[in-house]
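Data from data_9.cif: mmCIF, C-alpha atoms and all ligand atoms
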data_data
loop_
_atom_site.label_atom_id
_atom_site.label_comp_id
_atom_site.auth_asym_id
_atom_site.auth_seq_id
_atom_site.Cartn_x
_atom_site.Cartn_y
_atom_site.Cartn_z
CA MET L 23 -4.21 3.09 -27.20
CA LEU L 24 -7.52 3.11 -25.32
CA ASN L 25 -7.84 4.45 -21.77
CA SER L 26 -8.33 1.81 -19.12
CA LEU L 27 -11.90 1.59 -17.83
CA TYR L 28 -10.61 1.14 -14.27
CA GLY L 29 -9.28 4.68 -13.91
CA VAL L 30 -12.52 6.42 -14.87
CA LEU L 31 -14.83 7.95 -12.26
CA PRO L 32 -18.55 6.96 -12.43
CA GLN L 33 -19.68 10.51 -13.26
CA ASP L 34 -17.22 10.68 -16.15
CA LEU L 35 -18.51 7.36 -17.51
CA GLU L 36 -22.07 8.64 -17.23
CA SER L 37 -21.20 11.81 -19.15
CA PHE L 38 -19.35 9.82 -21.77
CA PHE L 39 -22.30 7.53 -22.53
CA ALA L 40 -25.09 10.03 -21.81
CA LYS L 41 -25.75 10.91 -25.46
CA ASP L 42 -26.42 7.35 -26.67
CA PHE L 43 -27.41 5.27 -23.63
CA PRO L 44 -29.62 5.59 -20.53
CA ALA L 45 -27.74 6.19 -17.25
CA TYR L 46 -28.73 2.81 -15.85
CA ARG L 47 -26.40 1.09 -18.36
CA VAL L 48 -23.40 2.63 -16.59
CA ARG L 49 -24.80 1.58 -13.22
CA GLN L 50 -25.14 -1.99 -14.53
CA LEU L 51 -21.56 -1.88 -15.76
CA LEU L 52 -20.26 -0.57 -12.43
CA ASN L 53 -22.19 -3.28 -10.65
CA TRP L 54 -20.41 -5.97 -12.68
CA VAL L 55 -16.96 -4.46 -12.20
CA TYR L 56 -17.06 -3.20 -8.60
CA ARG L 57 -19.61 -5.52 -6.95
CA LYS L 58 -19.29 -8.79 -8.86
CA PHE L 59 -15.67 -8.36 -10.00
CA VAL L 60 -16.46 -9.45 -13.55
CA PHE L 61 -14.25 -7.78 -16.15
CA ASP L 62 -15.24 -9.53 -19.38
CA PRO L 63 -18.15 -7.76 -21.14
CA ASN L 64 -19.27 -11.12 -22.58
CA GLN L 65 -20.12 -12.22 -19.04
CA MET L 66 -22.09 -9.05 -18.25
CA THR L 67 -25.38 -10.67 -19.13
CA ASP L 68 -27.73 -7.72 -18.59
CA LEU L 69 -25.83 -5.30 -20.88
CA ASP L 70 -27.18 -5.00 -24.41
CA GLN L 71 -24.88 -5.60 -27.35
CA GLY L 72 -24.92 -1.97 -28.47
CA PHE L 73 -23.62 -0.77 -25.10
CA LYS L 74 -20.99 -3.53 -24.94
CA SER L 75 -19.70 -2.62 -28.41
CA ALA L 76 -19.53 1.09 -27.51
CA LEU L 77 -17.79 0.21 -24.24
CA GLU L 78 -15.14 -1.92 -25.89
CA ALA L 79 -14.58 0.63 -28.63
CA ALA L 80 -13.94 3.38 -26.07
CA PHE L 81 -12.16 1.69 -23.14
CA ASP L 82 -9.58 -0.97 -22.43
CA LEU L 83 -11.07 -3.56 -20.06
CA SER L 84 -8.03 -5.84 -19.87
CA MET L 85 -6.53 -6.74 -16.50
CA PRO L 86 -2.96 -7.59 -15.48
CA GLN L 87 -2.03 -11.26 -15.74
CA ILE L 88 -1.44 -13.17 -12.51
CA ALA L 89 1.93 -14.74 -13.32
CA GLU L 90 2.58 -16.33 -9.93
CA LYS L 91 0.64 -16.98 -6.77
CA HIS L 92 2.27 -18.18 -3.53
CA LEU L 93 0.28 -19.25 -0.51
CA SER L 94 1.94 -18.77 2.89
CA ARG L 95 1.53 -21.06 5.88
CA ASP L 96 -0.14 -18.14 7.67
CA GLY L 97 -2.85 -17.91 4.97
CA SER L 98 -1.57 -14.85 3.13
CA THR L 99 -1.07 -15.01 -0.63
CA LYS L 100 1.50 -13.15 -2.66
CA TYR L 101 0.70 -12.41 -6.30
CA ARG L 102 3.11 -11.43 -9.04
CA LEU L 103 1.29 -9.43 -11.70
CA VAL L 104 2.38 -8.66 -15.23
CA LEU L 105 1.20 -5.22 -16.35
CA ALA L 106 0.18 -4.23 -19.89
CA ASP L 107 3.71 -3.02 -20.73
CA GLY L 108 5.36 -6.17 -19.34
CA ASP L 109 6.52 -4.56 -16.07
CA GLN L 110 5.90 -6.67 -12.99
CA ILE L 111 4.67 -5.85 -9.50
CA GLU L 112 3.60 -7.78 -6.43
CA MET L 113 0.68 -7.54 -4.05
CA VAL L 114 -0.11 -9.52 -0.90
CA LEU L 115 -3.55 -10.53 0.33
CA MET L 116 -3.63 -11.18 4.08
CA PRO L 117 -6.61 -12.79 5.85
CA GLU L 118 -6.99 -12.42 9.61
CA GLY L 119 -10.30 -13.45 11.17
CA LYS L 120 -12.94 -11.57 9.21
CA LYS L 121 -10.40 -9.02 7.98
CA ARG L 122 -9.04 -9.25 4.44
CA THR L 123 -6.17 -6.81 4.01
CA LEU L 124 -4.57 -6.09 0.68
CA CYS L 125 -1.06 -4.70 0.49
CA VAL L 126 -0.81 -2.84 -2.83
CA SER L 127 2.14 -1.55 -4.81
CA SER L 128 2.33 2.06 -5.97
CA GLN L 129 5.46 1.98 -8.14
CA VAL L 130 7.51 -0.48 -10.16
CA GLY L 131 10.62 -0.51 -7.95
CA CYS L 132 11.51 2.39 -5.66
CA ALA L 133 14.04 5.20 -5.60
CA ARG L 134 14.29 5.62 -1.83
CA ALA L 135 17.02 3.05 -1.20
CA CYS L 136 16.12 1.96 2.35
CA ALA L 137 18.91 -0.32 3.56
CA PHE L 138 16.64 -3.13 4.74
CA CYS L 139 14.33 -3.33 1.72
CA ALA L 140 14.42 -5.73 -1.22
CA THR L 141 12.35 -3.42 -3.45
CA ALA L 142 15.12 -0.81 -3.18
CA ARG L 143 17.38 -3.15 -5.17
CA MET L 144 15.15 -2.77 -8.23
CA LYS L 145 15.64 1.02 -8.26
CA ARG L 146 12.66 2.98 -9.55
CA ARG L 147 11.36 1.98 -12.98
CA ARG L 148 8.14 3.98 -13.07
CA ASN L 149 5.06 5.12 -11.18
CA LEU L 150 1.93 3.02 -11.42
CA HIS L 151 -1.06 4.65 -13.11
CA SER L 152 -4.15 5.02 -10.95
CA HIS L 153 -5.90 2.27 -12.95
CA GLU L 154 -3.00 -0.12 -12.21
CA ILE L 155 -3.53 0.48 -8.48
CA ILE L 156 -7.27 -0.13 -8.88
CA GLN L 157 -6.64 -3.27 -10.94
CA GLN L 158 -4.69 -4.74 -8.02
CA ILE L 159 -7.64 -4.05 -5.72
CA LEU L 160 -10.17 -5.54 -8.14
CA LEU L 161 -8.10 -8.65 -8.79
CA ALA L 162 -7.62 -9.19 -5.05
CA ALA L 163 -11.35 -8.68 -4.44
CA GLN L 164 -12.05 -11.31 -7.10
CA GLU L 165 -9.51 -13.70 -5.54
CA ALA L 166 -10.46 -13.19 -1.88
CA ASP L 167 -12.81 -15.58 -0.09
CA ALA L 168 -14.51 -12.66 1.70
CA PRO L 169 -14.91 -8.93 1.00
CA LEU L 170 -11.74 -6.82 1.18
CA THR L 171 -11.86 -4.85 4.41
CA ASN L 172 -8.51 -3.04 4.54
CA LEU L 173 -6.06 -1.58 2.12
CA VAL L 174 -2.46 -0.68 2.86
CA PHE L 175 -0.08 1.07 0.47
CA MET L 176 2.93 -0.83 1.79
CA GLY L 177 3.82 -2.84 -1.30
CA MET L 178 6.49 -1.97 -3.83
CA GLY L 179 7.26 1.73 -4.08
CA GLU L 180 6.92 4.93 -2.08
CA PRO L 181 3.26 6.03 -2.44
CA LEU L 182 4.01 9.69 -1.70
CA ASP L 183 6.39 9.73 -4.68
CA ASN L 184 3.32 8.89 -6.78
CA LEU L 185 0.78 10.85 -4.78
CA ASP L 186 -1.42 12.15 -7.63
CA ASN L 187 -2.14 8.65 -8.90
CA VAL L 188 -2.55 7.24 -5.39
CA LEU L 189 -5.09 9.97 -4.56
CA ASP L 190 -6.93 9.40 -7.85
CA ALA L 191 -7.15 5.68 -7.09
CA LEU L 192 -8.37 6.35 -3.54
CA SER L 193 -10.91 8.85 -4.76
CA LEU L 194 -12.29 6.29 -7.21
CA ILE L 195 -12.57 3.38 -4.75
CA GLN L 196 -14.14 5.65 -2.11
CA HIS L 197 -16.91 6.67 -4.56
CA GLN L 198 -20.37 5.36 -3.65
CA GLY L 199 -20.79 4.08 -7.22
CA THR L 200 -17.74 1.80 -6.98
CA LEU L 201 -16.42 0.13 -3.81
CA ALA L 202 -17.52 2.84 -1.33
CA PHE L 203 -14.28 1.97 0.47
CA SER L 204 -14.07 3.73 3.83
CA PRO L 205 -11.13 6.15 4.31
CA ARG L 206 -10.75 4.63 7.79
CA ARG L 207 -9.78 1.32 6.22
CA ALA L 208 -7.12 2.60 3.83
CA THR L 209 -3.57 3.47 4.94
CA VAL L 210 -0.77 5.10 3.00
CA SER L 211 2.67 4.25 4.35
CA THR L 212 5.62 6.52 3.69
CA CYS L 213 9.33 6.45 4.42
CA GLY L 214 8.97 10.13 5.38
CA ILE L 215 8.44 12.28 2.28
CA VAL L 216 7.70 15.55 4.05
CA PRO L 217 6.10 17.54 1.18
CA GLY L 218 3.90 14.52 0.43
CA ILE L 219 2.75 14.29 4.07
CA ARG L 220 1.77 17.96 3.97
CA ARG L 221 -0.07 17.50 0.66
CA LEU L 222 -1.87 14.47 2.07
CA ALA L 223 -2.92 16.50 5.10
CA ASP L 224 -4.37 19.18 2.81
CA SER L 225 -6.00 16.75 0.38
CA LYS L 226 -9.77 16.40 0.07
CA VAL L 227 -9.23 12.65 -0.27
CA LYS L 228 -8.95 11.25 3.23
CA VAL L 229 -6.73 8.31 4.14
CA LYS L 230 -4.82 7.12 7.20
CA LEU L 231 -1.08 7.71 7.42
CA ALA L 232 1.66 5.34 8.54
CA VAL L 233 5.31 6.38 8.72
CA SER L 234 8.10 3.88 8.44
CA LEU L 235 10.24 5.46 11.18
CA ASN L 236 12.65 2.70 12.23
CA SER L 237 14.80 5.04 14.27
CA ALA L 238 14.34 8.34 16.06
CA ARG L 239 18.09 9.04 15.93
CA ASN L 240 19.28 10.93 12.85
CA GLU L 241 22.65 9.14 12.78
CA VAL L 242 20.93 5.73 12.66
CA ARG L 243 18.05 6.75 10.40
CA ASP L 244 20.53 8.29 7.93
CA VAL L 245 22.06 4.82 7.53
CA LEU L 246 18.80 2.86 7.39
CA MET L 247 16.84 5.34 5.29
CA PRO L 248 18.74 7.81 3.08
CA VAL L 249 15.53 9.89 2.80
CA ASN L 250 16.41 11.09 6.32
CA LYS L 251 19.28 13.17 4.92
CA LEU L 252 16.72 15.05 2.82
CA TYR L 253 14.01 15.24 5.48
CA PRO L 254 15.61 14.77 8.92
CA LEU L 255 13.62 13.88 12.00
CA SER L 256 12.85 17.44 13.11
CA THR L 257 11.36 18.26 9.67
CA LEU L 258 9.48 14.97 9.59
CA LYS L 259 8.08 15.66 13.03
CA GLN L 260 6.78 19.08 11.96
CA SER L 261 4.97 17.51 9.01
CA LEU L 262 3.39 14.87 11.29
CA LEU L 263 2.17 17.55 13.68
CA TYR L 264 0.69 19.35 10.67
CA TYR L 265 -1.06 16.15 9.47
CA GLN L 266 -2.32 15.61 13.01
CA LYS L 267 -3.81 19.09 13.07
CA LYS L 268 -5.56 18.61 9.74
CA SER L 269 -6.72 15.00 10.08
CA SER L 270 -8.94 13.13 12.49
CA PHE L 271 -6.91 9.94 12.02
CA ARG L 272 -4.28 8.77 14.45
CA ILE L 273 -0.87 8.32 12.83
CA THR L 274 0.87 4.94 12.94
CA LEU L 275 4.63 4.78 13.38
CA GLU L 276 6.18 1.59 11.99
CA TYR L 277 9.46 0.50 13.57
CA ILE L 278 11.28 -2.50 12.13
CA LEU L 279 13.41 -4.17 14.83
CA ILE L 280 16.96 -4.72 13.56
CA PRO L 281 19.46 -5.98 16.13
CA GLY L 282 22.60 -3.90 16.42
CA MET L 283 20.87 -0.96 14.73
CA ASN L 284 17.82 0.35 16.61
CA MET L 285 17.04 -1.83 19.64
CA ALA L 286 19.21 -0.30 22.37
CA ALA L 287 18.07 1.74 25.39
CA GLU L 288 19.17 4.98 23.71
CA ASP L 289 16.97 4.12 20.69
CA LEU L 290 13.91 3.82 22.91
CA LYS L 291 14.82 7.03 24.68
CA ALA L 292 15.00 8.85 21.34
CA LEU L 293 11.71 7.28 20.26
CA ARG L 294 10.02 8.46 23.45
CA LYS L 295 11.22 11.99 22.77
CA PHE L 296 10.16 11.92 19.10
CA SER L 297 6.71 10.48 19.66
CA GLY L 298 5.97 12.32 22.91
CA ASP L 299 3.47 14.89 21.63
CA LEU L 300 2.14 12.87 18.72
CA SER L 301 -1.22 11.17 18.77
CA CYS L 302 0.05 7.93 17.37
CA LYS L 303 0.32 4.22 17.83
CA ILE L 304 3.59 2.40 17.31
CA ASN L 305 3.94 -0.94 15.56
CA PHE L 306 7.16 -2.85 16.16
CA ILE L 307 7.92 -5.38 13.43
CA PRO L 308 10.76 -7.92 13.73
CA TYR L 309 12.98 -7.63 10.64
CA ASN L 310 12.57 -10.21 7.89
CA PRO L 311 16.00 -11.02 6.46
CA VAL L 312 16.53 -10.46 2.75
CA PRO L 313 19.26 -12.62 1.14
CA GLY L 314 22.12 -10.40 0.03
CA LEU L 315 21.39 -7.67 2.62
CA PRO L 316 23.53 -7.57 5.78
CA HIS L 317 20.87 -7.28 8.51
CA GLN L 318 19.78 -10.17 10.74
CA ALA L 319 16.41 -10.95 12.27
CA PRO L 320 16.20 -10.35 16.03
CA SER L 321 16.03 -13.42 18.29
CA GLU L 322 12.88 -14.08 20.29
CA ASP L 323 14.76 -13.05 23.47
CA GLU L 324 15.88 -9.78 21.91
CA ILE L 325 12.31 -9.05 20.80
CA GLN L 326 10.82 -9.79 24.22
CA GLN L 327 13.45 -7.73 26.10
CA PHE L 328 12.88 -4.80 23.77
CA MET L 329 9.09 -5.01 23.95
CA GLU L 330 9.13 -5.11 27.75
CA LYS L 331 10.72 -1.66 27.75
CA ALA L 332 8.73 -0.42 24.74
CA ARG L 333 5.47 -1.07 26.61
CA GLU L 334 6.51 1.71 29.00
CA LEU L 335 6.01 4.26 26.19
CA PRO L 336 2.87 6.37 26.64
CA GLN L 337 1.48 5.42 23.19
CA ALA L 338 -0.33 2.23 22.23
CA VAL L 339 2.40 -0.16 21.14
CA MET L 340 1.98 -3.41 19.23
CA LEU L 341 4.33 -6.19 18.25
CA ARG L 342 3.36 -7.15 14.71
CA ARG L 343 4.71 -10.20 12.98
CA SER L 344 4.85 -9.66 9.24
CA LYS L 345 2.69 -12.03 7.31
CA GLY L 346 3.97 -14.06 4.40
CA ALA L 347 7.63 -14.28 5.50
CA ASP L 348 7.89 -17.88 4.19
CA ILE L 349 6.81 -16.73 0.69
CA ALA L 350 8.94 -13.56 0.74
CA GLY L 351 5.75 -11.55 1.01
CA ALA L 352 6.61 -9.93 4.32
CA CYS L 353 7.66 -6.43 5.20
CA GLY L 354 10.64 -5.29 3.11
CA GLN L 355 10.76 -8.39 0.93
CA LEU L 356 8.88 -7.49 -2.28
CA VAL L 357 10.92 -7.46 -5.47
CA THR L 358 10.57 -8.63 -9.07
CA GLY L 359 12.76 -8.97 -12.14
CA ALA L 360 16.56 -9.09 -12.17
CA ALA L 361 16.83 -7.84 -8.60
CA ALA L 362 14.72 -10.82 -7.47
CA LYS L 363 17.30 -13.17 -8.93
CA THR L 364 20.11 -11.51 -6.99
CA THR L 365 18.26 -12.15 -3.74
CA GLY L 366 17.96 -15.81 -4.66
CA GLU L 367 14.19 -15.78 -5.14
CA ASN L 368 11.27 -13.48 -5.47
CA HIS L 369 11.07 -11.18 -2.49
CA ALA L 370 8.31 -8.93 -1.40
CA LYS L 371 7.47 -6.26 1.11
CA ASP L 372 4.06 -5.81 2.72
S1 LIG W 1 10.95 0.55 2.31
FE1 LIG W 1 9.46 1.54 0.96
S2 LIG W 1 10.36 3.56 0.55
FE2 LIG W 1 12.02 2.31 1.37
S3 LIG W 1 13.03 1.47 -0.47
FE3 LIG W 1 11.49 -0.04 0.21
S4 LIG W 1 9.67 0.41 -1.00
FE4 LIG W 1 11.01 2.23 -1.11
#
For the file at hand, write its structure as structure tokens.
Ligand code: SF4
Amino acid sequence: MLNSLYGVLPQDLESFFAKDFPAYRVRQLLNWVYRKFVFDPNQMTDLDQGFKSALEAAFDLSMPQIAEKHLSRDGSTKYRLVLADGDQIEMVLMPEGKKRTLCVSSQVGCARACAFCATARMKRRRNLHSHEIIQQILLAAQEADAPLTNLVFMGMGEPLDNLDNVLDALSLIQHQGTLAFSPRRATVSTCGIVPGIRRLADSKVKVKLAVSLNSARNEVRDVLMPVNKLYPLSTLKQSLLYYQKKSSFRITLEYILIPGMNMAAEDLKALRKFSGDLSCKINFIPYNPVPGLPHQAPSEDEIQQFMEKARELPQAVMLRRSKGADIAGACGQLVTGAAAKTTGENHAKD
């Protein structure tokens, strides 16, 4: 089987073709793929036939199939993609003013079993290869009505459980010869994989970090996110302080509001204590119900009462409504395959 073209760094392509072709051929190719989002060599009109034949003999240029596309009332679009081996993933493209944010998947399924998440029902099937992450970005760039501005690893899977491939993909899209995507506009979101946070802090590849916190009380977080039993809050906090020391980026804490679980006065008190010495902002996200899971969405009154008190926290706090809830493309709703059927429809997480 041929290697996918989309996982290969520009300098490696140049070395590969250097013996038989001038370097500008590779630059032309990269221009088609990463600037014009054209993936069929037959449409790359300035490439000569000899180069095209050598290219197709050496690399696989095929892309995942878009099997389904759902447009939300809020303008976001959820895509279901079929990968080369038949596995399926989802991604969500979210427009907001001039911003075009893509929520990408990093795994097929997920092993982390968060109680509020539809993806968790799929269990983990496999990690995505770096080229499968890049293919999502390229397809979304081709589909979008304006250039992609932001990238968030908040789709299916735990990105820090697939950190090598996530870093390879980031390194490739940040390269000046491809998308020159700014590290400031890419965010990796984790459920709290402590060794991964430390590795990310030490990595040469820079990217922003978001942590799906959801509770600053171990007894609650243990229930919502089993990963907390492995890496409890004190350990997680140490890793965030380490990331903070090593990175110039401010951390984002994500906190899904689930009535009866994490919206009481004692929850805010614990959050104040946890976040006190962190340079972070906190996003509060009302829960999006997933059929088959027990949690309810908070009422508007519950949200407003909570936010009134949350605004007293010293950090910047934001109430963020998940996009794509009506197409099951919102936070915690992404799922494909048999698990999608058990939730009554296709559900996605952003
Ligand atoms: S919330 Fe993220 S880490 Fe948790 S189960 Fe879902 S995809 Fe995995």
Kindly assemble as CSV a list of the chain L residues that lie within 8 Å of ligand LIG 1 (chain W), each paired with its nearest atom pair and their distance in Å to one decimal, using all atoms listed in the file, sorted first by chain and then by ascending residue number.
residue,atom,partner,partner_atom,distance
L:Gly131,CA,W:LIG1,S4,7.1
L:Cys132,CA,W:LIG1,FE4,4.6
L:Ala133,CA,W:LIG1,FE4,6.2
L:Arg134,CA,W:LIG1,S3,4.5
L:Ala135,CA,W:LIG1,S3,4.4
L:Cys136,CA,W:LIG1,S3,4.2
L:Ala137,CA,W:LIG1,S3,7.3
L:Phe138,CA,W:LIG1,S1,7.2
L:Cys139,CA,W:LIG1,FE3,4.6
L:Ala140,CA,W:LIG1,FE3,6.6
L:Thr141,CA,W:LIG1,FE3,5.1
L:Ala142,CA,W:LIG1,S3,4.1
L:Arg143,CA,W:LIG1,S3,7.9
L:Met176,CA,W:LIG1,FE1,7.0
L:Gly177,CA,W:LIG1,S4,6.7
L:Met178,CA,W:LIG1,S4,4.9
L:Gly179,CA,W:LIG1,S4,4.1
L:Glu180,CA,W:LIG1,S2,4.5
L:Thr212,CA,W:LIG1,S2,6.4
L:Cys213,CA,W:LIG1,S2,4.9
L:Ser234,CA,W:LIG1,S1,7.5
L:Met247,CA,W:LIG1,FE2,6.9
L:Gly354,CA,W:LIG1,S1,5.9
L:Lys371,CA,W:LIG1,S4,7.3
Quiz prompt | Point-to-point distance in Å for atom CA of L:Ala191 and atom CA of L:Phe203 | solution = 11.0 Å
Quiz prompt | All residues 10 Å or closer to L:Glu165, only C-alpha atoms, same chain fewer than 4 positions away omitted, as a VMD selection string | solution = chain L and resid 59 99 115 159 to 161 169 to 170
Write out as a PDB file with C-alpha atoms, keeping the file's coordinate frame the residues lying within 10 Å of L:Leu35, counting only C-alpha atoms and excluding same-chain residues fewer than 4 positions away.
ATOM      1  CA  LEU L  27     -11.900   1.590 -17.830  1.00  0.00           C
ATOM      2  CA  VAL L  30     -12.520   6.420 -14.870  1.00  0.00           C
ATOM      3  CA  LEU L  31     -14.830   7.950 -12.260  1.00  0.00           C
ATOM      4  CA  PHE L  39     -22.300   7.530 -22.530  1.00  0.00           C
ATOM      5  CA  ALA L  40     -25.090  10.030 -21.810  1.00  0.00           C
ATOM      6  CA  ALA L  45     -27.740   6.190 -17.250  1.00  0.00           C
ATOM      7  CA  VAL L  48     -23.400   2.630 -16.590  1.00  0.00           C
ATOM      8  CA  ARG L  49     -24.800   1.580 -13.220  1.00  0.00           C
ATOM      9  CA  LEU L  51     -21.560  -1.880 -15.760  1.00  0.00           C
ATOM     10  CA  LEU L  52     -20.260  -0.570 -12.430  1.00  0.00           C
ATOM     11  CA  LEU L  77     -17.790   0.210 -24.240  1.00  0.00           C
TER      12      LEU L  77
END
Quiz prompt | Residue neighbourhood stretch 218-229 of chain L, 12 Å, all atoms listed in the file, exclusion window fewer than 4 positions, as an MDAnalysis selection string | solution = chainID L and resid 172:175 180:197 203:214 233 253 257:273
Quiz item: Could you state the separation of atom CA of L:Leu69 and atom CA of L:Gln157 in Å, given to one decimal place?
Solution: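 Distance between the two atoms: 21.7 Å.
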Practice problem: Could you please determine the separation between atom CA of L:Met116 and atom CA of L:Gly29 in Å, to one decimal place? | Solution: 24.6 Å
Exercise. Check the smallest atom-to-atom distance from each of L:Ala79, L:Ala238, L:Ile215, L:Leu341 to L:Lys303 using only C-alpha atoms, then report the winner.
Key: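 So, comparing all the options, the nearest one is L:Leu341.
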Quiz prompt | Of the listed residues L:Gln318, L:Ser237, L:Asn64, L:Ser301, that which approaches L:Met285 most closely, counting all atoms listed in the file | solution = L:Ser237
Quiz prompt | Pick from L:Trp54, L:Arg148, L:Pro117, L:His317 nearest to L:Arg95, counting only C-alpha atoms | solution =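 The shortest atom-to-atom distance to L:Arg95 comes from L:Pro117.
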Quiz item: For L:Lys100, which of L:Ala347, L:Leu255, L:Ile304, L:Ile325 is the closest residue, counting all atoms listed in the file?
Solution: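 Checking each candidate against L:Lys100, we get L:Ala347 as the closest.
Minimum atom-to-atom distance to L:Arg342, evaluated using all atoms listed in the file, belongs to L:Glu276 out of L:Asp82, L:Glu276, L:Asp107, L:Glu154.
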Exercise. Find the residue from L:Ser256, L:Arg47, L:Val55, L:Gln110 that sits nearest to L:Asp68; use only C-alpha atoms when measuring.
Key: L:Arg47
